[in-house]
Amino acid sequence: MADRQQRTLPTVADTEALGRELAAGLGAGDLVVLDGPLGAGKTALTRGIAAGLGVQGRVSSPTFIIARQHRAGTDEGAVPLVHVDAYRLGGDLDELDALDLDTDLHQAVVVVEWGRGVVEHLSDRHLRVLLSREPDSDVRTAEWEWVD
């Protein structure tokens with residue numbers, strides 16, 4: 001995934017399928033930064049990533065608790081997932097530091113919704129995914145690339 005890629009996602013199932021595909025290239029220490037407006041599919045994409053990683057537990061938006069940790073599945077080489085919603089942090093770096101994400105980065109895949117401009121400094125390299133949604137439609141578009 002060296003170059004920027006783009007895909008139209010007609011359904012939520014397509015968004016989750018893309019997440020499973022992206023998960024195939026992820027491992028412990030990877031940071032995924034999701035950006036896009038409300039309803040663009042950030043949590044659906046994260047559900048797909050979680051399924052692709054084989055993590056345990058139901059994946060839902062961490063909006064009210066800010067971060068959810070999902071244990072690694074039972075498959076050999078499985079890694080945990082940390083799912084963060086940075087929207088409520090509002091760029092508050094002290095609150096971000098309190099989440100101790102830099103420690104999680106070495107042991108898990110960390111997916112941060114609303115993370116653009118907030119968490120990139122946590123890693124030398126991250127997968128940036130921009131999601132958008134067509135007005136009055138379920139059709140979404142995803143653009144993604146690895147950023148150094």
# chains A, B, ... in the order shown; residues from 1 in each chain; ligands from 1
call {"tool": "residues_around", "arguments": {"residues": "Leu131 in chain A", "least_positions_apart": "2", "cutoff": "6 Å", "atoms": "only C-alpha atoms", "output": "ChimeraX atom specification"}}
result
/A:36,40,141-142
call {"tool": "residues_around", "arguments": {"residues": "Gly19 in chain A", "least_positions_apart": "5", "cutoff": "10 Å", "atoms": "only C-alpha atoms", "output": "PyMOL selection string"}}
result
chain A and resi 13-14+24+42-53
call {"tool": "closest_atom_pairs", "arguments": {"of": "range 19-72 of chain A", "to": "range 112-130 of chain A", "cutoff": "7 Å", "atoms": "only C-alpha atoms", "output": "CSV"}}
result
residue,atom,partner,partner_atom,distance
A:Asp30,CA,A:His126,CA,6.5
A:Leu31,CA,A:His126,CA,4.9
A:Val32,CA,A:Leu127,CA,4.7
A:Val33,CA,A:Arg128,CA,4.8
A:Leu34,CA,A:Glu113,CA,4.8
A:Asp35,CA,A:Leu130,CA,4.9
A:Gly36,CA,A:Leu130,CA,5.6
A:Lys42,CA,A:Glu113,CA,6.4
call {"tool": "write_last_selection", "arguments": {"atoms": "C-alpha atoms", "output": "mmCIF file, in the first residue's frame"}}
result
data_model
loop_
_atom_site.group_PDB
_atom_site.id
_atom_site.type_symbol
_atom_site.label_atom_id
_atom_site.label_comp_id
_atom_site.auth_asym_id
_atom_site.auth_seq_id
_atom_site.Cartn_x
_atom_site.Cartn_y
_atom_site.Cartn_z
ATOM 1 C CA ASP A 30 0.760 0.037 13.657
ATOM 2 C CA LEU A 31 -1.255 3.235 13.993
ATOM 3 C CA VAL A 32 -4.349 3.801 11.857
ATOM 4 C CA VAL A 33 -5.731 7.346 11.730
ATOM 5 C CA LEU A 34 -9.334 7.628 10.531
ATOM 6 C CA ASP A 35 -10.803 10.901 9.382
ATOM 7 C CA GLY A 36 -14.141 11.866 7.932
ATOM 8 C CA LYS A 42 -15.159 5.112 10.676
#
call {"tool": "closest_residue", "arguments": {"among": "A:Ala72, A:Leu22, A:Ala17, A:Leu9", "to": "Trp144 in chain A", "atoms": "only C-alpha atoms"}}
result
A:Leu22
call {"tool": "select_by_dssp", "arguments": {"residues": "range 18-69 of chain A", "states": "alpha helix (DSSP H)", "output": "ChimeraX atom specification"}}
result
/A:18-23,42-53
call {"tool": "write_last_selection", "arguments": {"atoms": "all heavy atoms", "output": "tab-separated table (two decimals), in the first residue's frame"}}
result
chain	number	residue	atom	x	y	z
A	18	LEU	N	-13.44	-3.77	3.42
A	18	LEU	CA	-12.19	-3.02	3.24
A	18	LEU	C	-11.37	-3.07	4.52
A	18	LEU	O	-10.15	-3.24	4.48
A	18	LEU	CB	-12.46	-1.57	2.83
A	18	LEU	CG	-11.21	-0.69	2.75
A	18	LEU	CD1	-10.22	-1.21	1.72
A	18	LEU	CD2	-11.61	0.76	2.46
A	19	GLY	N	-12.03	-2.93	5.66
A	19	GLY	CA	-11.32	-3.01	6.93
A	19	GLY	C	-10.61	-4.35	7.10
A	19	GLY	O	-9.46	-4.40	7.54
A	20	ARG	N	-11.28	-5.44	6.72
A	20	ARG	CA	-10.65	-6.77	6.79
A	20	ARG	C	-9.43	-6.84	5.88
A	20	ARG	O	-8.40	-7.41	6.25
A	20	ARG	CB	-11.65	-7.88	6.47
A	20	ARG	CG	-12.65	-8.12	7.60
A	20	ARG	CD	-13.51	-9.36	7.37
A	20	ARG	NE	-14.34	-9.29	6.18
A	20	ARG	CZ	-15.51	-8.67	6.11
A	20	ARG	NH1	-16.00	-8.06	7.17
A	20	ARG	NH2	-16.20	-8.66	4.99
A	21	GLU	N	-9.54	-6.26	4.69
A	21	GLU	CA	-8.40	-6.23	3.76
A	21	GLU	C	-7.23	-5.44	4.35
A	21	GLU	O	-6.08	-5.87	4.28
A	21	GLU	CB	-8.81	-5.62	2.43
A	21	GLU	CG	-9.71	-6.49	1.60
A	21	GLU	CD	-10.14	-5.78	0.33
A	21	GLU	OE1	-9.33	-5.02	-0.25
A	21	GLU	OE2	-11.30	-5.97	-0.08
A	22	LEU	N	-7.53	-4.28	4.91
A	22	LEU	CA	-6.47	-3.46	5.50
A	22	LEU	C	-5.80	-4.17	6.66
A	22	LEU	O	-4.59	-4.08	6.86
A	22	LEU	CB	-7.03	-2.10	5.95
A	22	LEU	CG	-7.53	-1.17	4.84
A	22	LEU	CD1	-8.17	0.07	5.44
A	22	LEU	CD2	-6.41	-0.80	3.89
A	23	ALA	N	-6.59	-4.92	7.44
A	23	ALA	CA	-6.06	-5.64	8.60
A	23	ALA	C	-4.98	-6.64	8.19
A	23	ALA	O	-4.06	-6.90	8.97
A	23	ALA	CB	-7.18	-6.35	9.35
A	42	LYS	N	-16.38	5.36	9.90
A	42	LYS	CA	-15.16	5.11	10.68
A	42	LYS	C	-15.30	3.89	11.58
A	42	LYS	O	-14.42	3.04	11.62
A	42	LYS	CB	-14.78	6.35	11.49
A	42	LYS	CG	-14.40	7.56	10.62
A	42	LYS	CD	-14.06	8.78	11.43
A	42	LYS	CE	-15.25	9.39	12.13
A	42	LYS	NZ	-16.29	9.92	11.25
A	43	THR	N	-16.41	3.77	12.28
A	43	THR	CA	-16.60	2.63	13.18
A	43	THR	C	-16.83	1.36	12.37
A	43	THR	O	-16.33	0.29	12.74
A	43	THR	CB	-17.75	2.89	14.17
A	43	THR	OG1	-17.43	4.05	14.95
A	43	THR	CG2	-17.96	1.71	15.10
A	44	ALA	N	-17.54	1.44	11.25
A	44	ALA	CA	-17.73	0.25	10.40
A	44	ALA	C	-16.39	-0.24	9.87
A	44	ALA	O	-16.14	-1.46	9.85
A	44	ALA	CB	-18.68	0.57	9.25
A	45	LEU	N	-15.53	0.67	9.48
A	45	LEU	CA	-14.20	0.27	9.00
A	45	LEU	C	-13.42	-0.38	10.14
A	45	LEU	O	-12.75	-1.41	9.94
A	45	LEU	CB	-13.44	1.47	8.45
A	45	LEU	CG	-12.12	1.12	7.79
A	45	LEU	CD1	-12.35	0.42	6.45
A	45	LEU	CD2	-11.28	2.36	7.58
A	46	THR	N	-13.52	0.16	11.33
A	46	THR	CA	-12.83	-0.41	12.49
A	46	THR	C	-13.36	-1.80	12.80
A	46	THR	O	-12.59	-2.69	13.15
A	46	THR	CB	-12.97	0.52	13.71
A	46	THR	OG1	-12.46	1.81	13.37
A	46	THR	CG2	-12.20	-0.03	14.90
A	47	ARG	N	-14.68	-2.01	12.67
A	47	ARG	CA	-15.24	-3.35	12.86
A	47	ARG	C	-14.60	-4.34	11.89
A	47	ARG	O	-14.28	-5.48	12.25
A	47	ARG	CB	-16.75	-3.36	12.67
A	47	ARG	CG	-17.54	-2.95	13.88
A	47	ARG	CD	-19.02	-3.32	13.77
A	47	ARG	NE	-19.66	-2.87	12.55
A	47	ARG	CZ	-20.28	-1.68	12.41
A	47	ARG	NH1	-20.35	-0.85	13.44
A	47	ARG	NH2	-20.84	-1.36	11.28
A	48	GLY	N	-14.41	-3.90	10.66
A	48	GLY	CA	-13.77	-4.76	9.67
A	48	GLY	C	-12.31	-5.04	10.02
A	48	GLY	O	-11.84	-6.18	9.88
A	49	ILE	N	-11.59	-4.02	10.46
A	49	ILE	CA	-10.20	-4.22	10.88
A	49	ILE	C	-10.15	-5.22	12.03
A	49	ILE	O	-9.33	-6.15	12.03
A	49	ILE	CB	-9.54	-2.88	11.26
A	49	ILE	CG1	-9.36	-2.00	10.01
A	49	ILE	CG2	-8.21	-3.11	11.97
A	49	ILE	CD1	-8.92	-0.57	10.31
A	50	ALA	N	-11.04	-5.05	13.00
A	50	ALA	CA	-11.09	-5.96	14.15
A	50	ALA	C	-11.36	-7.39	13.69
A	50	ALA	O	-10.72	-8.34	14.17
A	50	ALA	CB	-12.14	-5.50	15.15
A	51	ALA	N	-12.30	-7.55	12.78
A	51	ALA	CA	-12.61	-8.89	12.27
A	51	ALA	C	-11.40	-9.49	11.56
A	51	ALA	O	-11.08	-10.66	11.74
A	51	ALA	CB	-13.82	-8.84	11.33
A	52	GLY	N	-10.72	-8.67	10.78
A	52	GLY	CA	-9.54	-9.14	10.07
A	52	GLY	C	-8.40	-9.52	11.00
A	52	GLY	O	-7.63	-10.42	10.71
A	53	LEU	N	-8.31	-8.82	12.13
A	53	LEU	CA	-7.28	-9.14	13.12
A	53	LEU	C	-7.70	-10.32	13.99
A	53	LEU	O	-6.87	-10.91	14.67
A	53	LEU	CB	-7.01	-7.92	14.02
A	53	LEU	CG	-6.37	-6.71	13.36
A	53	LEU	CD1	-6.31	-5.55	14.35
A	53	LEU	CD2	-4.97	-7.04	12.84
call {"tool": "residues_around", "arguments": {"residues": "range 135-139 of chain A", "least_positions_apart": "5", "cutoff": "8 Å", "atoms": "only C-alpha atoms", "output": "list in words"}}
result
Thr8, Leu9, Pro10, Thr11 and Val12 of chain A
call {"tool": "write_last_selection", "arguments": {"atoms": "all heavy atoms", "output": "compact mmCIF listing (two decimals), in the first residue's frame"}}
result
# COMPACT_ATOMS: atom_id res chain seq x y z
N THR A 8 -14.77 3.05 -3.81
CA THR A 8 -16.15 3.37 -3.51
C THR A 8 -16.75 2.20 -2.73
O THR A 8 -16.52 1.04 -3.09
CB THR A 8 -16.95 3.61 -4.81
OG1 THR A 8 -16.35 4.72 -5.50
CG2 THR A 8 -18.40 3.95 -4.52
N LEU A 9 -17.48 2.53 -1.68
CA LEU A 9 -18.04 1.52 -0.79
C LEU A 9 -19.56 1.68 -0.75
O LEU A 9 -20.08 2.47 0.03
CB LEU A 9 -17.44 1.68 0.61
CG LEU A 9 -15.91 1.70 0.66
CD1 LEU A 9 -15.41 2.24 1.98
CD2 LEU A 9 -15.37 0.31 0.38
N PRO A 10 -20.28 0.96 -1.61
CA PRO A 10 -21.73 1.14 -1.70
C PRO A 10 -22.51 0.77 -0.44
O PRO A 10 -23.59 1.30 -0.22
CB PRO A 10 -22.15 0.24 -2.86
CG PRO A 10 -20.89 -0.01 -3.63
CD PRO A 10 -19.78 0.05 -2.64
N THR A 11 -21.98 -0.15 0.37
CA THR A 11 -22.72 -0.61 1.55
C THR A 11 -21.80 -0.63 2.77
O THR A 11 -20.58 -0.60 2.65
CB THR A 11 -23.28 -2.03 1.34
OG1 THR A 11 -22.19 -2.95 1.28
CG2 THR A 11 -24.13 -2.12 0.08
N VAL A 12 -22.42 -0.74 3.93
CA VAL A 12 -21.65 -0.89 5.17
C VAL A 12 -20.83 -2.17 5.11
O VAL A 12 -19.68 -2.21 5.56
CB VAL A 12 -22.59 -0.88 6.40
CG1 VAL A 12 -21.84 -1.24 7.66
CG2 VAL A 12 -23.26 0.48 6.55
call {"tool": "closest_residue", "arguments": {"among": "A:Val84, A:Gly29, A:Gly73, A:Asp148", "to": "Gly54 in chain A", "atoms": "only C-alpha atoms"}}
result
A:Gly73
call {"tool": "atom_distance", "arguments": {"atom1": "CA of Asp85 in chain A", "atom2": "CA of Gln69 in chain A"}}
result
11.9 Å
call {"tool": "atom_distance", "arguments": {"atom1": "CA of Glu16 in chain A", "atom2": "CA of Val147 in chain A"}}
result
22.1 Å
call {"tool": "atom_distance", "arguments": {"atom1": "CA of Arg133 in chain A", "atom2": "CA of Val55 in chain A"}}
result
27.1 Å
